[in-house]
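Student: Sending over input.csv (CSV, C-alpha atoms).
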```csv
chain,number,residue,atom,x,y,z
A,148,MET,CA,91.2,-115.9,83.2
A,149,THR,CA,89.0,-119.0,82.9
A,150,GLU,CA,85.3,-118.9,83.5
A,151,THR,CA,83.9,-122.0,85.1
A,152,SER,CA,80.2,-122.7,85.5
A,153,ILE,CA,78.7,-124.7,88.4
A,154,PRO,CA,76.5,-127.7,87.8
A,155,ARG,CA,73.0,-127.0,88.9
A,156,THR,CA,71.0,-129.5,91.0
A,157,GLU,CA,67.7,-130.3,89.4
A,158,GLN,CA,65.2,-132.0,91.6
A,159,PRO,CA,61.6,-133.0,90.9
A,160,VAL,CA,58.9,-130.4,91.1
A,161,ASP,CA,56.9,-132.3,93.6
A,162,GLU,CA,58.6,-132.5,96.0
A,163,GLU,CA,69.4,-118.1,99.5
A,164,GLU,CA,72.9,-111.3,103.9
A,165,THR,CA,69.2,-110.3,103.7
A,166,ALA,CA,68.6,-109.9,107.4
A,167,THR,CA,71.2,-107.7,108.8
A,168,LEU,CA,70.6,-109.0,112.3
A,169,ALA,CA,71.7,-112.5,111.4
A,170,VAL,CA,73.8,-112.5,108.3
A,171,ASP,CA,75.1,-115.7,106.6
A,172,GLY,CA,78.8,-116.1,107.1
A,173,ASP,CA,79.9,-116.4,103.6
A,174,ASP,CA,83.4,-117.0,102.8
A,175,THR,CA,84.0,-117.6,106.4
A,176,GLU,CA,81.1,-119.7,106.8
A,177,ASP,CA,78.8,-120.5,106.1
A,178,ASP,CA,76.5,-121.2,105.9
A,179,ASP,CA,78.3,-122.7,105.7
A,180,THR,CA,80.0,-123.8,108.6
A,181,GLU,CA,81.8,-121.0,107.2
A,182,ALA,CA,85.0,-119.1,107.6
A,183,ASP,CA,87.3,-117.1,105.3
A,184,ASP,CA,86.5,-113.8,103.6
A,185,THR,CA,84.5,-111.1,105.0
A,186,ASP,CA,81.0,-111.3,103.7
A,187,THR,CA,80.2,-113.0,106.9
A,188,ALA,CA,76.6,-113.3,107.6
A,189,ALA,CA,76.5,-116.3,109.7
A,190,SER,CA,79.1,-114.9,112.0
A,191,GLY,CA,76.8,-112.0,111.3
A,192,ALA,CA,76.4,-109.1,113.8
A,193,ARG,CA,79.2,-110.5,115.9
A,194,SER,CA,78.4,-111.3,119.5
A,195,LYS,CA,80.7,-109.8,122.1
A,196,LYS,CA,80.7,-113.0,124.2
A,197,ALA,CA,81.0,-116.6,123.3
A,198,VAL,CA,77.8,-118.6,123.2
A,199,GLY,CA,77.8,-121.8,125.2
A,200,GLU,CA,76.6,-125.2,123.9
A,201,GLY,CA,73.5,-125.0,126.0
A,202,ASP,CA,72.6,-121.7,124.5
A,203,LEU,CA,73.3,-123.0,121.0
A,204,PHE,CA,71.0,-125.9,121.5
A,205,ARG,CA,68.3,-123.6,122.8
A,206,GLN,CA,68.7,-121.6,119.6
A,207,SER,CA,68.2,-124.8,117.6
A,208,GLU,CA,65.0,-125.6,119.6
A,209,ILE,CA,63.6,-122.2,119.0
A,210,ALA,CA,64.4,-122.5,115.3
A,211,ALA,CA,62.8,-126.0,115.1
A,212,ASP,CA,59.6,-124.7,116.7
A,213,TYR,CA,59.5,-121.8,114.2
A,214,VAL,CA,60.1,-124.1,111.2
A,215,GLU,CA,57.5,-126.5,112.5
A,216,GLY,CA,55.0,-123.6,112.6
A,217,LEU,CA,55.9,-122.7,109.0
A,218,LEU,CA,55.4,-126.2,107.8
A,219,ASP,CA,52.0,-126.3,109.4
A,220,ILE,CA,50.9,-123.1,107.7
A,221,LEU,CA,52.2,-124.3,104.4
A,222,ASP,CA,50.7,-127.8,104.9
A,223,TYR,CA,54.0,-129.6,104.4
A,224,ASP,CA,55.0,-132.8,106.2
A,225,GLY,CA,58.6,-133.2,107.5
A,226,ASP,CA,60.6,-134.6,110.4
A,227,ILE,CA,62.5,-131.9,112.2
A,228,ASP,CA,65.8,-132.5,114.0
A,229,GLU,CA,67.5,-129.8,116.1
A,230,LEU,CA,71.2,-130.2,117.0
A,231,VAL,CA,74.5,-128.4,117.5
A,232,ALA,CA,77.4,-129.2,115.1
A,233,ALA,CA,80.7,-127.5,114.5
A,234,GLY,CA,79.9,-124.9,117.2
A,235,ARG,CA,76.7,-123.8,115.6
A,236,PRO,CA,73.0,-124.6,116.0
A,237,MET,CA,71.4,-126.6,113.2
A,238,VAL,CA,67.9,-127.6,112.1
A,239,GLU,CA,67.3,-130.3,109.5
A,240,VAL,CA,64.0,-131.0,107.8
A,241,VAL,CA,63.6,-134.4,106.3
A,242,GLY,CA,60.7,-135.6,104.2
A,243,GLU,CA,59.2,-135.9,100.8
A,244,ARG,CA,57.8,-133.1,98.5
A,245,LEU,CA,60.0,-130.4,100.1
A,246,GLN,CA,61.7,-129.1,97.0
A,247,ASN,CA,59.5,-126.0,97.0
A,248,LEU,CA,61.2,-125.1,100.3
A,249,VAL,CA,64.6,-125.2,98.7
A,250,GLY,CA,63.9,-123.3,95.5
A,251,GLN,CA,66.2,-122.7,92.6
A,252,ARG,CA,69.8,-122.9,93.6
A,253,GLY,CA,68.6,-122.9,97.3
A,254,ALA,CA,67.2,-119.4,97.1
A,255,THR,CA,64.1,-120.2,99.1
A,256,LEU,CA,66.1,-122.2,101.7
A,257,GLU,CA,68.4,-119.2,102.2
A,258,ALA,CA,65.4,-116.9,102.8
A,259,LEU,CA,63.8,-119.3,105.2
A,260,GLN,CA,67.1,-119.6,107.1
A,261,GLU,CA,67.2,-115.8,107.5
A,262,LEU,CA,63.7,-115.7,108.7
A,263,THR,CA,64.4,-118.5,111.2
A,264,ARG,CA,67.6,-116.7,112.4
A,265,LEU,CA,65.5,-113.6,113.0
A,266,ALA,CA,62.9,-115.6,115.0
A,267,VAL,CA,65.8,-116.9,117.2
A,268,PHE,CA,67.1,-113.3,117.6
A,269,ARG,CA,63.7,-112.0,118.7
A,270,GLN,CA,63.6,-114.6,121.5
A,271,THR,CA,67.2,-114.5,122.6
A,272,GLY,CA,68.5,-111.1,121.7
A,273,THR,CA,71.6,-112.8,120.3
A,274,PRO,CA,72.4,-112.9,116.5
A,275,SER,CA,72.4,-116.6,115.4
A,276,ARG,CA,74.6,-118.5,113.1
A,277,LEU,CA,71.9,-121.1,112.7
A,278,LEU,CA,72.2,-123.4,109.7
A,279,LEU,CA,68.9,-124.7,108.2
A,280,ASP,CA,68.8,-127.6,105.8
A,281,VAL,CA,65.9,-129.1,104.0
A,282,GLY,CA,65.8,-132.5,102.3
A,283,GLY,CA,69.6,-132.8,102.5
A,284,TYR,CA,70.1,-130.0,100.0
A,285,ARG,CA,73.2,-128.5,101.6
A,286,ALA,CA,75.0,-131.8,102.0
A,287,ASN,CA,74.4,-132.7,98.4
A,288,ARG,CA,75.4,-129.2,97.2
A,289,ARG,CA,78.6,-129.4,99.2
A,290,LYS,CA,79.6,-132.5,97.3
A,291,GLU,CA,78.9,-130.8,93.9
A,292,LEU,CA,80.8,-127.7,94.9
A,293,ALA,CA,83.8,-129.8,96.2
A,294,ALA,CA,84.0,-131.2,92.7
A,295,VAL,CA,83.8,-127.7,91.1
A,296,ALA,CA,86.6,-126.4,93.5
A,297,LYS,CA,88.9,-129.4,92.7
A,298,ASN,CA,88.4,-128.9,89.0
A,299,ALA,CA,89.3,-125.2,89.3
A,300,VAL,CA,92.4,-126.1,91.3
A,301,GLU,CA,93.5,-128.5,88.6
A,302,LYS,CA,93.1,-125.9,85.9
A,303,VAL,CA,95.1,-123.3,88.0
A,304,LYS,CA,97.9,-125.8,88.6
A,305,GLU,CA,98.0,-126.9,84.9
A,306,TYR,CA,97.8,-123.4,83.3
A,307,GLY,CA,99.0,-121.1,86.0
A,308,GLU,CA,96.2,-118.7,85.4
A,309,PRO,CA,93.3,-117.7,87.7
A,310,VAL,CA,90.0,-119.4,87.3
A,311,ARG,CA,86.9,-117.3,87.9
A,312,LEU,CA,83.9,-119.2,89.0
A,313,GLU,CA,80.2,-118.5,88.5
A,314,ALA,CA,78.4,-116.2,91.0
A,315,MET,CA,77.4,-118.1,94.1
A,316,SER,CA,75.6,-117.6,97.4
A,317,ALA,CA,77.5,-117.1,100.7
A,318,PHE,CA,76.9,-120.8,101.5
A,319,GLU,CA,78.3,-121.9,98.2
A,320,ARG,CA,81.3,-119.7,98.3
A,321,LYS,CA,82.1,-121.0,101.8
A,322,CYS,CA,82.0,-124.5,100.5
A,323,VAL,CA,84.5,-123.7,97.7
A,324,HIS,CA,86.8,-121.7,99.9
A,325,ASP,CA,87.1,-124.6,102.4
A,326,VAL,CA,88.1,-127.0,99.6
A,327,VAL,CA,90.6,-124.6,98.0
A,328,ASN,CA,92.2,-123.5,101.3
A,329,ALA,CA,92.9,-127.2,102.2
A,330,MET,CA,95.0,-127.6,99.0
A,331,SER,CA,98.6,-126.4,98.5
A,332,GLY,CA,99.8,-124.1,95.8
A,333,VAL,CA,96.5,-122.3,95.3
A,334,ALA,CA,94.4,-119.6,97.0
A,335,SER,CA,90.8,-118.3,96.7
A,336,GLU,CA,89.2,-114.9,97.1
A,337,SER,CA,85.8,-113.4,96.6
A,338,GLU,CA,85.1,-110.5,94.3
A,339,GLY,CA,82.1,-108.5,93.3
A,340,VAL,CA,78.9,-107.7,95.2
A,341,GLU,CA,75.7,-109.6,95.8
A,342,PRO,CA,74.0,-111.1,94.0
A,343,ASN,CA,76.9,-111.4,91.6
A,344,ARG,CA,79.7,-112.1,94.1
A,345,ARG,CA,82.0,-114.9,93.0
A,346,ILE,CA,85.2,-116.8,93.8
A,347,VAL,CA,88.5,-116.5,91.9
A,348,VAL,CA,90.9,-119.4,92.4
A,349,ARG,CA,94.5,-118.4,91.7
A,350,PRO,CA,98.1,-119.6,92.2
A,351,ALA,CA,99.3,-119.0,95.8
A,352,ASP,CA,101.7,-116.1,96.2
```
How does this structure look as structure tokens?
Tutor:
Amino acid sequence: MTETSIPRTEQPVDEEETATLAVDGDDTEDDDTEADDTDTAASGARSKKAVGEGDLFRQSEIAADYVEGLLDILDYDGDIDELVAAGRPMVEVVGERLQNLVGQRGATLEALQELTRLAVFRQTGTPSRLLLDVGGYRANRRKELAAVAKNAVEKVKEYGEPVRLEAMSAFERKCVHDVVNAMSGVASESEGVEPNRRIVVRPAD
């Protein structure tokens, strides 16, 4: 089985299923818009009824207010946008000097996302699949992970052996699953437990 490492995004210094109430929907997600295996945090504690678009936007507004309060406390400047995309509430923070809110491999961002989901839950009583992004980190990471996934698929097709990727967060696994599942002749699955849960890409049965 081949071991493949993931390129790490390094950004200037100036510039990640902790809360059980609002877990990040891993390999079904995700975070990330996520949807596949069953580490699902984002789909989290699953609601018994569908949430309407108005309710989703309300969640994004609550989340935006919470994030704005955090930025004030931390004395960070950033523009905050709240929206609904792909059937889930989203908050995007754009600005300079925000890398500290992302952290290594997005660990701080994941923690902030869980805190924000908890704030939404406290006001609405509904588990949220809210996606928080800071400084475009998730969009950039998706591109990197798409390249990792395609490289793994090429190796599987060339050698006919499974490729085992480096441990990833729920959001990262979701990104890889989405790419692999869209390609023929291969399949992906998650193995292990957090924080060492990873994806194995293998020939399709």
Student: Counting all atoms listed in the file, which residues sit no farther than 12 Å from the position (60.1, -122.0, 117.5) in the file's frame? I'd like them as a ChimeraX atom specification.
Tutor: /A:205-218,227,229,238,262-271
Student: Would you mind telling me which residue in A:Lys304, A:Ser275, A:Arg252, A:Val295 lies nearest to A:Ala317 when using all atoms listed in the file?
Tutor: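 The shortest atom-to-atom distance to A:Ala317 comes from A:Arg252.
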Student: Considering only C-alpha atoms, state which residue in the set A:Leu278, A:Val240, A:Met330, A:Leu245 is at the smallest distance from A:Leu203.
Tutor: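 Answer, going by the shortest atom-to-atom distance: A:Leu278.
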Student: At a cut-off of 10 Å, using only C-alpha atoms, what residues contact A:Gly234? Leave out same-chain residues fewer than 2 positions from it and give the result as a PyMOL selection string.
Tutor: chain A and resi 180+198-200+203-204+231-232+236-237+276-277
Student: Atom CA of A:Gly272 to atom CA of A:Leu256: how many Å, to one decimal?
Tutor: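 Between these atoms lies a distance of 23.0 Å.
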Student: Please determine, counting all atoms listed in the file, which residue among A:Ile346, A:Val327, A:Cys322, A:Leu279 has the shortest atom-to-atom distance to A:Val310.
Tutor: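 Among the listed residues, A:Ile346 lies closest to A:Val310.
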Student: Between atom CA of A:Gly339 and atom CA of A:Asp280, what is the distance in Å, rounded to a tenth?
Tutor: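 About the pair atom CA of A:Gly339 and atom CA of A:Asp280: they are 26.4 Å apart.
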Student: Find the residue from A:Leu292, A:Val300, A:Met315, A:Ala254 that sits nearest to A:Pro342; use only C-alpha atoms when measuring.
Tutor: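 Using only C-alpha atoms, A:Pro342 sits closest to A:Met315.
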Student: In terms of the shortest atom-to-atom distance over only C-alpha atoms, which of A:Val281, A:Leu312, A:Val326, A:Ala299 is closest to A:Gly242?
Tutor: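 That would be A:Val281, the residue with the smallest distance to A:Gly242.
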Student: When you count only C-alpha atoms, which of these residues is closest to A:Val249: A:Arg311, A:His324, A:Arg285, A:Lys297?
Tutor: A:Arg285
Student: Would you mind completing stretch 268-301 of chain A so that it carries N, CA and C atoms, and writing it out as a PDB file, in the coordinates of the input?
Tutor:
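Saved to out09.pdb:
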```
ATOM      1  N   PHE A 268      66.662-114.585 117.059  1.00  0.00           N
ATOM      2  CA  PHE A 268      67.100-113.300 117.600  1.00  0.00           C
ATOM      3  C   PHE A 268      66.052-112.631 118.438  1.00  0.00           C
ATOM      4  N   ARG A 269      64.828-112.694 117.975  1.00  0.00           N
ATOM      5  CA  ARG A 269      63.700-112.000 118.700  1.00  0.00           C
ATOM      6  C   ARG A 269      63.506-112.653 120.068  1.00  0.00           C
ATOM      7  N   GLN A 270      63.772-113.941 120.194  1.00  0.00           N
ATOM      8  CA  GLN A 270      63.600-114.600 121.500  1.00  0.00           C
ATOM      9  C   GLN A 270      64.790-114.532 122.387  1.00  0.00           C
ATOM     10  N   THR A 271      65.979-114.490 121.811  1.00  0.00           N
ATOM     11  CA  THR A 271      67.200-114.500 122.600  1.00  0.00           C
ATOM     12  C   THR A 271      67.945-113.223 122.698  1.00  0.00           C
ATOM     13  N   GLY A 272      67.718-112.346 121.742  1.00  0.00           N
ATOM     14  CA  GLY A 272      68.500-111.100 121.700  1.00  0.00           C
ATOM     15  C   GLY A 272      69.892-111.277 121.208  1.00  0.00           C
ATOM     16  N   THR A 273      70.197-112.478 120.720  1.00  0.00           N
ATOM     17  CA  THR A 273      71.600-112.800 120.300  1.00  0.00           C
ATOM     18  C   THR A 273      71.539-113.171 118.783  1.00  0.00           C
ATOM     19  N   PRO A 274      72.357-112.544 117.948  1.00  0.00           N
ATOM     20  CA  PRO A 274      72.400-112.900 116.500  1.00  0.00           C
ATOM     21  C   PRO A 274      72.823-114.414 116.430  1.00  0.00           C
ATOM     22  N   SER A 275      72.173-115.115 115.548  1.00  0.00           N
ATOM     23  CA  SER A 275      72.400-116.600 115.400  1.00  0.00           C
ATOM     24  C   SER A 275      73.080-116.946 114.162  1.00  0.00           C
ATOM     25  N   ARG A 276      73.942-117.961 114.250  1.00  0.00           N
ATOM     26  CA  ARG A 276      74.600-118.500 113.100  1.00  0.00           C
ATOM     27  C   ARG A 276      73.898-119.835 112.676  1.00  0.00           C
ATOM     28  N   LEU A 277      72.647-119.939 113.003  1.00  0.00           N
ATOM     29  CA  LEU A 277      71.900-121.100 112.700  1.00  0.00           C
ATOM     30  C   LEU A 277      71.987-121.558 111.261  1.00  0.00           C
ATOM     31  N   LEU A 278      72.128-122.858 111.056  1.00  0.00           N
ATOM     32  CA  LEU A 278      72.200-123.400 109.700  1.00  0.00           C
ATOM     33  C   LEU A 278      70.899-124.251 109.509  1.00  0.00           C
ATOM     34  N   LEU A 279      70.131-123.930 108.503  1.00  0.00           N
ATOM     35  CA  LEU A 279      68.900-124.700 108.200  1.00  0.00           C
ATOM     36  C   LEU A 279      69.137-125.493 106.926  1.00  0.00           C
ATOM     37  N   ASP A 280      68.752-126.742 106.971  1.00  0.00           N
ATOM     38  CA  ASP A 280      68.800-127.600 105.800  1.00  0.00           C
ATOM     39  C   ASP A 280      67.497-128.261 105.560  1.00  0.00           C
ATOM     40  N   VAL A 281      67.139-128.440 104.315  1.00  0.00           N
ATOM     41  CA  VAL A 281      65.900-129.100 104.000  1.00  0.00           C
ATOM     42  C   VAL A 281      66.165-130.183 102.942  1.00  0.00           C
ATOM     43  N   GLY A 282      65.717-131.365 103.250  1.00  0.00           N
ATOM     44  CA  GLY A 282      65.800-132.500 102.300  1.00  0.00           C
ATOM     45  C   GLY A 282      67.271-132.825 101.932  1.00  0.00           C
ATOM     46  N   GLY A 283      68.238-132.501 102.811  1.00  0.00           N
ATOM     47  CA  GLY A 283      69.600-132.800 102.500  1.00  0.00           C
ATOM     48  C   GLY A 283      70.251-131.981 101.435  1.00  0.00           C
ATOM     49  N   TYR A 284      69.607-130.851 101.096  1.00  0.00           N
ATOM     50  CA  TYR A 284      70.100-130.000 100.000  1.00  0.00           C
ATOM     51  C   TYR A 284      71.530-129.566 100.202  1.00  0.00           C
ATOM     52  N   ARG A 285      71.845-129.053 101.407  1.00  0.00           N
ATOM     53  CA  ARG A 285      73.200-128.500 101.600  1.00  0.00           C
ATOM     54  C   ARG A 285      74.262-129.569 101.547  1.00  0.00           C
ATOM     55  N   ALA A 286      73.988-130.735 102.090  1.00  0.00           N
ATOM     56  CA  ALA A 286      75.000-131.800 102.000  1.00  0.00           C
ATOM     57  C   ALA A 286      75.254-132.206 100.572  1.00  0.00           C
ATOM     58  N   ASN A 287      74.209-132.321  99.772  1.00  0.00           N
ATOM     59  CA  ASN A 287      74.400-132.700  98.400  1.00  0.00           C
ATOM     60  C   ASN A 287      75.104-131.563  97.600  1.00  0.00           C
ATOM     61  N   ARG A 288      74.759-130.313  97.911  1.00  0.00           N
ATOM     62  CA  ARG A 288      75.400-129.200  97.200  1.00  0.00           C
ATOM     63  C   ARG A 288      76.867-129.088  97.565  1.00  0.00           C
ATOM     64  N   ARG A 289      77.216-129.395  98.825  1.00  0.00           N
ATOM     65  CA  ARG A 289      78.600-129.400  99.200  1.00  0.00           C
ATOM     66  C   ARG A 289      79.448-130.338  98.339  1.00  0.00           C
ATOM     67  N   LYS A 290      78.891-131.515  98.075  1.00  0.00           N
ATOM     68  CA  LYS A 290      79.600-132.500  97.300  1.00  0.00           C
ATOM     69  C   LYS A 290      79.809-131.958  95.842  1.00  0.00           C
ATOM     70  N   GLU A 291      78.783-131.349  95.275  1.00  0.00           N
ATOM     71  CA  GLU A 291      78.900-130.800  93.900  1.00  0.00           C
ATOM     72  C   GLU A 291      79.955-129.694  93.884  1.00  0.00           C
ATOM     73  N   LEU A 292      79.916-128.809  94.895  1.00  0.00           N
ATOM     74  CA  LEU A 292      80.800-127.700  94.900  1.00  0.00           C
ATOM     75  C   LEU A 292      82.273-128.127  95.191  1.00  0.00           C
ATOM     76  N   ALA A 293      82.447-129.221  95.937  1.00  0.00           N
ATOM     77  CA  ALA A 293      83.800-129.800  96.200  1.00  0.00           C
ATOM     78  C   ALA A 293      84.390-130.185  94.823  1.00  0.00           C
ATOM     79  N   ALA A 294      83.564-130.781  93.975  1.00  0.00           N
ATOM     80  CA  ALA A 294      84.000-131.200  92.700  1.00  0.00           C
ATOM     81  C   ALA A 294      84.378-129.982  91.797  1.00  0.00           C
ATOM     82  N   VAL A 295      83.559-128.934  91.876  1.00  0.00           N
ATOM     83  CA  VAL A 295      83.800-127.700  91.100  1.00  0.00           C
ATOM     84  C   VAL A 295      85.141-127.086  91.584  1.00  0.00           C
ATOM     85  N   ALA A 296      85.352-127.032  92.899  1.00  0.00           N
ATOM     86  CA  ALA A 296      86.600-126.400  93.500  1.00  0.00           C
ATOM     87  C   ALA A 296      87.811-127.216  93.029  1.00  0.00           C
ATOM     88  N   LYS A 297      87.722-128.540  93.085  1.00  0.00           N
ATOM     89  CA  LYS A 297      88.900-129.400  92.700  1.00  0.00           C
ATOM     90  C   LYS A 297      89.192-129.217  91.222  1.00  0.00           C
ATOM     91  N   ASN A 298      88.164-129.101  90.408  1.00  0.00           N
ATOM     92  CA  ASN A 298      88.400-128.900  89.000  1.00  0.00           C
ATOM     93  C   ASN A 298      89.060-127.565  88.706  1.00  0.00           C
ATOM     94  N   ALA A 299      88.642-126.533  89.435  1.00  0.00           N
ATOM     95  CA  ALA A 299      89.300-125.200  89.300  1.00  0.00           C
ATOM     96  C   ALA A 299      90.717-125.250  89.713  1.00  0.00           C
ATOM     97  N   VAL A 300      91.003-125.950  90.800  1.00  0.00           N
ATOM     98  CA  VAL A 300      92.400-126.100  91.300  1.00  0.00           C
ATOM     99  C   VAL A 300      93.261-126.762  90.266  1.00  0.00           C
ATOM    100  N   GLU A 301      92.736-127.811  89.659  1.00  0.00           N
ATOM    101  CA  GLU A 301      93.500-128.500  88.600  1.00  0.00           C
ATOM    102  C   GLU A 301      93.850-127.625  87.461  1.00  0.00           C
TER     103      GLU A 301
END
```
